[in-house]
Protein chains: 2
Amino acid sequence: MASRDLANALLAPRTIALVGASGDPAKNSARPQRYLRKHGFSGRVILINPVRGEICGERTWPDLDSAPGPIDHAFIMVPAASVPKVIEDCCRARVRVATIFSDDFAESGEEGLRRQQAIVEMARAGGVRILGPNSMGVINTHAGATISVNAVLELPELKAGSLGVVSHSGTILGTLLSRGQARGIGFSKLVSIGNEADLGVGEIADILVDDTETSAILLFLETIRDPAALGAMAHRAYAAGKPVIAYKLGRSPVGRQLALSHSGAMTGPDEAANAFFRHHGIIRVDMLETMIEIPALVTGHKPTKEKRVAVLTTSGGGAAMVVDRLGALGVDLIFPPESVIACLKPMGIRVGKSPLIDLTLAGTKNEIYLAALNALLASPDCDVIVAVVGSSGQFHPELAVEPIVSAAKTDKPVAVFIAPQADQSLALLGRAGIAAFRTPEACADGVKAYLDWSAPSEEIPAPMRDLKAIRKALGRARRPVLNEIESCEVLETLGIPQAPAEIIRQQGETPGINFPVAAKILSADFPHKTDVGGVELDIPDEAALHEACRRILRRVRTAHPKAEIAGILVQQMQHGLAEAIIGYRDNPETGPTVMLGVGGTLTEIYRDFAIRIAPVSLATARTMIEEVRGLATIRGTRSLAPGDCEALAEAIRAISDLACIPERPILEADINPLVVKARGEGVTAVDGLVVRKSEKGSK
Amino acid sequence: MASRDLANALLAPRTIALVGASGDPAKNSARPQRYLRKHGFSGRVILINPVRGEICGERTWPDLDSAPGPIDHAFIMVPAASVPKVIEDCCRARVRVATIFSDDFAESGEEGLRRQQAIVEMARAGGVRILGPNSMGVINTHAGATISVNAVLELPELKAGSLGVVSHSGTILGTLLSRGQARGIGFSKLVSIGNEADLGVGEIADILVDDTETSAILLFLETIRDPAALGAMAHRAYAAGKPVIAYKLGRSPVGRQLALSHSGAMTGPDEAANAFFRHHGIIRVDMLETMIEIPALVTGHKPTKEKRVAVLTTSGGGAAMVVDRLGALGVDLIFPPESVIACLKPMGIRVGKSPLIDLTLAGTKNEIYLAALNALLASPDCDVIVAVVGSSGQFHPELAVEPIVSAAKTDKPVAVFIAPQADQSLALLGRAGIAAFRTPEACADGVKAYLDWSAPSEEIPAPMRDLKAIRKALGRARRPVLNEIESCEVLETLGIPQAPAEIIRQQGETPGINFPVAAKILSADFPHKTDVGGVELDIPDEAALHEACRRILRRVRTAHPKAEIAGILVQQMQHGLAEAIIGYRDNPETGPTVMLGVGGTLTEIYRDFAIRIAPVSLATARTMIEEVRGLATIRGTRSLAPGDCEALAEAIRAISDLACIPERPILEADINPLVVKARGEGVTAVDGLVVRKSEKGSK
């Protein structure tokens, strides 16, 4: 099916079949008919009900076979067990899109998953695209196509607007629509995607990229199932000047657990999702209302490199809340630029060296507020403006928003926060397309999200330098979890320097490397060697080495008599200025990622690491080193000797190259620790672990 | 003046004089007269204006001297330069409270500060209490006493309620009042305290503790100027069953800078403010709207020791936002208790092992929602309930809130979040005194703030064990910054073990302590000895020590030829399982605090420390050790050997005792590092720094 056909059938169908339509007004399945009539859908509505002959005065048909075609879109509300039969009918009737409201599919367990797979196969074979199951449906406010049971459609009328929504949660459609509409903010198309058995977030959002009625795309995500499609859509949306704004659950472990139990979807660490969004130029917000408040701040604007924020107010307390919050989010606020001071002086307003340009009560005069705002808009010293409005926002809405409406027409984004209850002012600003925030927290969230926004990455990965060697090294390992020697061989093919090492297989063997050395048990059974007493460090000479080997083997064999032991790895001790961890992981949600953290237990305790979508360039690897707080010691700050950050960046880039093996055979690879030596002396991997994907795909 | 007199004059005066009242409706000074009439103030209003004979049909007097007494409360709106004269008049006329709206006092610099001090002295001598200057005034909704220029008084009527407000920001009175009133939440008294030249937050809030019209006290704080008064008030409020809820600016450096530039107030680290609030049983919230939303959640309830939260919903997406946010705040969510599962089963509702009790669409039936809610209220396995309401909240407000209104009458707090736009439901819940939250973020903030709440500390500090010794040790130091030896002598009197050490004053001297040793420059000029090359460690023998001393002296003298050097401190090297920092500080906002962090640079990089109001008991010191993430290694987790946490707790308790010296002579004292040895082997201070307050008070 060509994409335009799909778009029309999904979002602007001429004929909609409601399968399982009910005449009992207490039932959800009675709603879509009513909503379609109420909101003025002008196409045909076909009611499918095997029992009743009419519902609310409209004729019904017993099934799709008997109904008059062609039918573009079927909305299926029958119990799960009856859905396969309906899909069969859809295929025969050449229905283009079947939206399945019914639940009890993949989200309810193994059996439901099988049921879901069966209907998808059937639909694919028959040329029917599926939305859902477990989808609340589709709303097109411009066409009155309200193919949904969502109770938000009880609204007396739907204000048409230009925000498109794609959501894993069906109820969130109503939450966004009702809150937006109360603020003068309208939507174009809203789609509840349910289990994403066929049509996914990426493909649907991609349709919105081409939709002329949509100017910004909002995503409410529980998980990411198809990162490639989502990423590609985001690149197209950016090119089309349509910002993509995401709210994603899973910031906390319990949130991720919920996504798993709610939709059966695996999630990765939240930081990987952040890296994914940043990589693809998607704006991530942290708060519900920011979703509807931020589009006006970013639409028509580009990401900014400089991140200097000016806050203008007549209400000290209200603005201070935004400033403090922005500060807590790490945003830099500027003092009033000279041009603003100069412009206010003749009006008798003196503003001082404060991160808040407070016009005080004097500034409640509109000509003063407007002059200050225009001076800020013209100033080359600030990149975003926060304009805070005080009590006039409540009692004189037209007056209060007037200077903002007349001024805000430049390339520079302006975020407005209104301190008191001010529904009318908010609605006026909403209708004028100006970004207005109801709370100081959402205002700061929106500004921060804008500042964090960057264009989608255009980095083109270099081809893998020795694909053959790495495949060969991987092929030598017998099990998915490689032992240390096998792991190091893989990592060595990437060009990451390894500490000199040898295997002792027999008691009393002498290694040919310089003392002092470390001795480590070599066994894929123990990825955490220290925990089993399998490591001794700083061994000064041969006699001590033999002793150490005996102790290690005794400890390990006593505790784990059945372990498969390949020998003892003897490795030259390495000393440097710092230890780092670098890691590669093919993440379930985002695809390949590369991370950098400080070595030891700190990465885990402080979650102090930088993460990016792999592969990365050397330049990106350098920004990762800047981000890790615990590596401040080697960045050449204070009186400390700088470490070899260039060699570290090269190692990050190299391990990220694992993403370039076309068949992506590796689940994860870590070097922990990677010893970072003084500038010019390089880095050395002291321990490595590589895990292949198991036969079934990811572990 | 007795407190009841002050309370009446401040909040419920019979006669109010408006000094500088204006007849020009464009002027702020015209407002109070209009507002008092509009909101039905039944007492006398005396207009003071030297020029006009009448304003809006009411007679004026040229000055207070000529006006008919007695006057309880004067609201002063004349320019700063004229204020002293008016205060003089107030004294003569025996006005009880003078609220000064005029600005250009302490907040504007040195000259303003002197002007402020002068009027306070005059007022004290004359028996007049001052509110402000730079105060927006006082609002008493119950009596219509709207002694303020705040434009929120344009509201057609003021809903009387039971929330009292004391705020550093005048505009915030309007923000809270207007947002609350729109939600069915009313206020009793609102006070803008301005510069706190005389009447402060603590004293005014203390009046509200005794005010029968006030059930909860909200504080909007830029700083804390009188921690003792605020703390004492909080203890009384707790005993009276009136929760004290604080929003405090200064979470970020820029927020603290703002407080400084706005009000001239010094602030300390935000973590100290947190410790202060916790210590005194004050509930701190993080978001603006939480201030008005949380009182119903906590009023009539006690702090909870167990912190198990259950989330009940019919709207998966809406509740997931609250759950994820709670998780990110570190709150524990429970799976459905058995009793809830058992209660729902006969109704055909199956809830699974998920941190969200999702009744789905079936649960939109009120009897099911009510049954689940009642089961949770009765369950001994949960301590707080979050009830999330979906789209019914928008279209059927009475119906939607009905199960919550009929159920929520137990000791267990219930927080309601309504996902869609639902003004009517929010107002219904507000009027019913049920805690309803407009955003998932404020809901999580409110629940978290409730869980963090604890009763005010009842710990009674033990008397200082050797006051004479510590005063003597302090007396030996010539300068406010003590050198290492002097510092250690002070710390030793507290009973904190010190590493054996000796001073070498002459080249070639030999210390009587065992090698290996450390050598450190001894000079109060270098509190950071390492930065000047003044430290060498792990010196194995006497010859190496002499070399090391020579090197240290050469480095220091070359770089700082004028430094005052008392010798070289030779100290036995100490090894343990971890290094900690412990510190005491007499904080400008909160008074004495004690902190514990991990040693080295980590405390600073990760802000990983615990802080409490000093002095602390041993039990509190133990909870501090639990809080520091980087000390996980010594808490006996995993396979690591446990450190001597008891000795560490004892050292924390001991240094916190510095708060018990009556004259509080010490500004700060640090031990960094304090070496923590294996369990039973104690702790040893390796370096110490004590700073006395300088003559003028705090540094």
# chains A, B, ... in the order shown; residues from 1 in each chain; ligands from 1
$ residues_around --residues "A:Gly318" --least-positions-apart "3" --cutoff "8 Å" --atoms "only C-alpha atoms" --output "list in words"
Ser315, Met321, Val322, Val388, Gly390, Ile418, Ala419 and Pro440 of chain A; Thr171, Ile172 and Thr175 of chain B
$ residues_around --residues "A:Val386" --least-positions-apart "6" --cutoff "10 Å" --atoms "only C-alpha atoms" --output "PyMOL selection string"
chain A and resi 309-313+319+322-323+356+373+413-417+435-436+443-444+447
$ interface_residues --of "chain A" --to "chain B" --cutoff "6 Å" --atoms "only C-alpha atoms" --output "list in words"
Ser169, Ile172, Thr175, Ser178, Arg179, Ser252, Val254, Gly255, Gly317, Asp324, Gly327, Ala328, Ala419, Pro420 and Gln421 of chain A
$ residues_around --residues "stretch 660-667 of chain B" --least-positions-apart "6" --cutoff "7 Å" --atoms "only C-alpha atoms" --output "list of chain:residue names"
B:Pro463, B:Met464, B:Leu467, B:Arg585, B:Asp586, B:Val691, B:Arg692, B:Lys693, B:Ser698
$ select_by_dssp --residues "stretch 178-363 of chain B" --states "strand (DSSP E or B)" --output "ChimeraX atom specification"
/B:187-192,216-221,244-248,283-284,308-313,332-333,357-358
$ residues_around --residues "B:Gly682" --least-positions-apart "6" --cutoff "9 Å" --atoms "only C-alpha atoms" --output "PDB file with N, CA, C and O atoms, in the first residue's frame"
ATOM      1  N   PRO B 497      40.001  10.394  68.147  1.00  0.00           N
ATOM      2  CA  PRO B 497      41.393   9.946  68.111  1.00  0.00           C
ATOM      3  C   PRO B 497      42.182  10.581  66.969  1.00  0.00           C
ATOM      4  O   PRO B 497      41.678  10.698  65.852  1.00  0.00           O
ATOM      5  N   GLY B 643      33.642  -1.654  57.985  1.00  0.00           N
ATOM      6  CA  GLY B 643      34.454  -0.694  58.716  1.00  0.00           C
ATOM      7  C   GLY B 643      33.887  -0.457  60.108  1.00  0.00           C
ATOM      8  O   GLY B 643      32.816  -0.952  60.467  1.00  0.00           O
ATOM      9  N   ASP B 644      34.596   0.326  60.897  1.00  0.00           N
ATOM     10  CA  ASP B 644      34.153   0.588  62.268  1.00  0.00           C
ATOM     11  C   ASP B 644      33.137   1.737  62.261  1.00  0.00           C
ATOM     12  O   ASP B 644      33.451   2.874  62.633  1.00  0.00           O
ATOM     13  N   CYS B 645      31.917   1.399  61.859  1.00  0.00           N
ATOM     14  CA  CYS B 645      30.869   2.424  61.730  1.00  0.00           C
ATOM     15  C   CYS B 645      30.491   3.002  63.094  1.00  0.00           C
ATOM     16  O   CYS B 645      30.093   4.173  63.184  1.00  0.00           O
ATOM     17  N   GLU B 646      30.613   2.197  64.145  1.00  0.00           N
ATOM     18  CA  GLU B 646      30.289   2.719  65.464  1.00  0.00           C
ATOM     19  C   GLU B 646      31.250   3.825  65.872  1.00  0.00           C
ATOM     20  O   GLU B 646      30.844   4.865  66.387  1.00  0.00           O
ATOM     21  N   ALA B 647      32.535   3.586  65.614  1.00  0.00           N
ATOM     22  CA  ALA B 647      33.528   4.606  65.956  1.00  0.00           C
ATOM     23  C   ALA B 647      33.324   5.846  65.094  1.00  0.00           C
ATOM     24  O   ALA B 647      33.492   6.989  65.555  1.00  0.00           O
ATOM     25  N   LEU B 648      32.932   5.631  63.846  1.00  0.00           N
ATOM     26  CA  LEU B 648      32.667   6.769  62.959  1.00  0.00           C
ATOM     27  C   LEU B 648      31.471   7.576  63.481  1.00  0.00           C
ATOM     28  O   LEU B 648      31.517   8.818  63.538  1.00  0.00           O
ATOM     29  N   VAL B 675      40.342   8.491  58.895  1.00  0.00           N
ATOM     30  CA  VAL B 675      40.532   7.125  58.385  1.00  0.00           C
ATOM     31  C   VAL B 675      39.654   6.164  59.186  1.00  0.00           C
ATOM     32  O   VAL B 675      39.705   6.140  60.412  1.00  0.00           O
ATOM     33  N   VAL B 676      38.831   5.396  58.455  1.00  0.00           N
ATOM     34  CA  VAL B 676      37.951   4.427  59.105  1.00  0.00           C
ATOM     35  C   VAL B 676      38.583   3.046  58.957  1.00  0.00           C
ATOM     36  O   VAL B 676      38.810   2.574  57.848  1.00  0.00           O
TER      37      VAL B 676
END
$ residues_around --residues "B:Val201" --least-positions-apart "3" --cutoff "9 Å" --atoms "only C-alpha atoms" --output "ChimeraX atom specification"
/B:166-168,193,196,204-206,219,221,224-226,229-230
$ atom_distance --atom1 "atom CA of B:Leu218" --atom2 "atom CA of B:Ile292"
8.3 Å
$ residues_around --residues "A:Thr60" --least-positions-apart "2" --cutoff "12 Å" --atoms "only C-alpha atoms" --output "MDAnalysis selection string"
chainID A and resid 17:23 33 45:58 62:64 66:68
$ atom_distance --atom1 "atom CA of B:Glu293" --atom2 "atom CA of B:Lys189"
17.2 Å
$ atom_distance --atom1 "atom CA of A:Pro25" --atom2 "atom CA of A:Gln116"
29.0 Å
$ residues_around --residues "A:Gly127" --least-positions-apart "6" --cutoff "12 Å" --atoms "only C-alpha atoms" --output "ChimeraX atom specification"
/A:1-2,6,87-98,119-121,198
$ write_last_selection --atoms "N, CA and C atoms" --output "compact mmCIF listing (two decimals), in the first residue's frame"
# COMPACT_ATOMS: atom_id res chain seq x y z
N MET A 1 0.87 -1.19 0.00
CA MET A 1 0.00 0.00 0.00
C MET A 1 0.90 1.24 0.00
N ALA A 2 0.60 2.14 -0.86
CA ALA A 2 1.39 3.37 -0.86
C ALA A 2 1.10 4.15 0.42
N LEU A 6 -2.32 4.61 2.94
CA LEU A 6 -2.34 4.21 4.35
C LEU A 6 -2.73 5.40 5.21
N ILE A 87 -10.76 -10.29 11.50
CA ILE A 87 -9.61 -9.97 10.64
C ILE A 87 -9.72 -10.73 9.31
N GLU A 88 -10.14 -11.97 9.42
CA GLU A 88 -10.39 -12.75 8.20
C GLU A 88 -11.36 -12.00 7.29
N ASP A 89 -12.45 -11.54 7.89
CA ASP A 89 -13.45 -10.77 7.13
C ASP A 89 -12.83 -9.51 6.53
N CYS A 90 -11.99 -8.84 7.32
CA CYS A 90 -11.34 -7.61 6.84
C CYS A 90 -10.53 -7.91 5.58
N CYS A 91 -9.81 -9.02 5.61
CA CYS A 91 -8.98 -9.38 4.47
C CYS A 91 -9.86 -9.58 3.23
N ARG A 92 -10.94 -10.32 3.43
CA ARG A 92 -11.84 -10.58 2.29
C ARG A 92 -12.45 -9.28 1.78
N ALA A 93 -12.83 -8.42 2.73
CA ALA A 93 -13.52 -7.17 2.33
C ALA A 93 -12.54 -6.09 1.90
N ARG A 94 -11.24 -6.43 1.87
CA ARG A 94 -10.20 -5.50 1.46
C ARG A 94 -10.22 -4.20 2.30
N VAL A 95 -10.51 -4.35 3.56
CA VAL A 95 -10.39 -3.23 4.50
C VAL A 95 -8.90 -2.85 4.57
N ARG A 96 -8.61 -1.56 4.58
CA ARG A 96 -7.19 -1.18 4.53
C ARG A 96 -6.53 -1.14 5.91
N VAL A 97 -7.24 -0.58 6.88
CA VAL A 97 -6.69 -0.51 8.24
C VAL A 97 -7.72 -1.08 9.21
N ALA A 98 -7.25 -1.97 10.08
CA ALA A 98 -8.12 -2.49 11.15
C ALA A 98 -7.55 -2.03 12.48
N ILE A 119 -3.04 -13.15 14.35
CA ILE A 119 -3.84 -12.19 13.57
C ILE A 119 -2.95 -11.30 12.72
N VAL A 120 -1.75 -10.99 13.21
CA VAL A 120 -0.85 -10.16 12.40
C VAL A 120 -0.46 -10.89 11.13
N GLU A 121 -0.14 -12.19 11.27
CA GLU A 121 0.22 -12.97 10.08
C GLU A 121 -0.91 -12.98 9.07
N ASP A 198 1.54 -4.25 14.54
CA ASP A 198 1.91 -4.01 13.14
C ASP A 198 2.35 -2.55 12.98
$ select_by_dssp --residues "stretch 254-452 of chain A" --states "helix (DSSP H, G or I)" --output "PyMOL selection string"
chain A and resi 254-263+270-279+288-293+295-298+316-328+338-347+361-364+366-378+392-395+397-407+423-431+440-452
$ closest_residue --among "A:Gly40, A:Gly69, A:Pro380, A:Gly597" --to "A:Pro156" --atoms "only C-alpha atoms"
A:Gly40
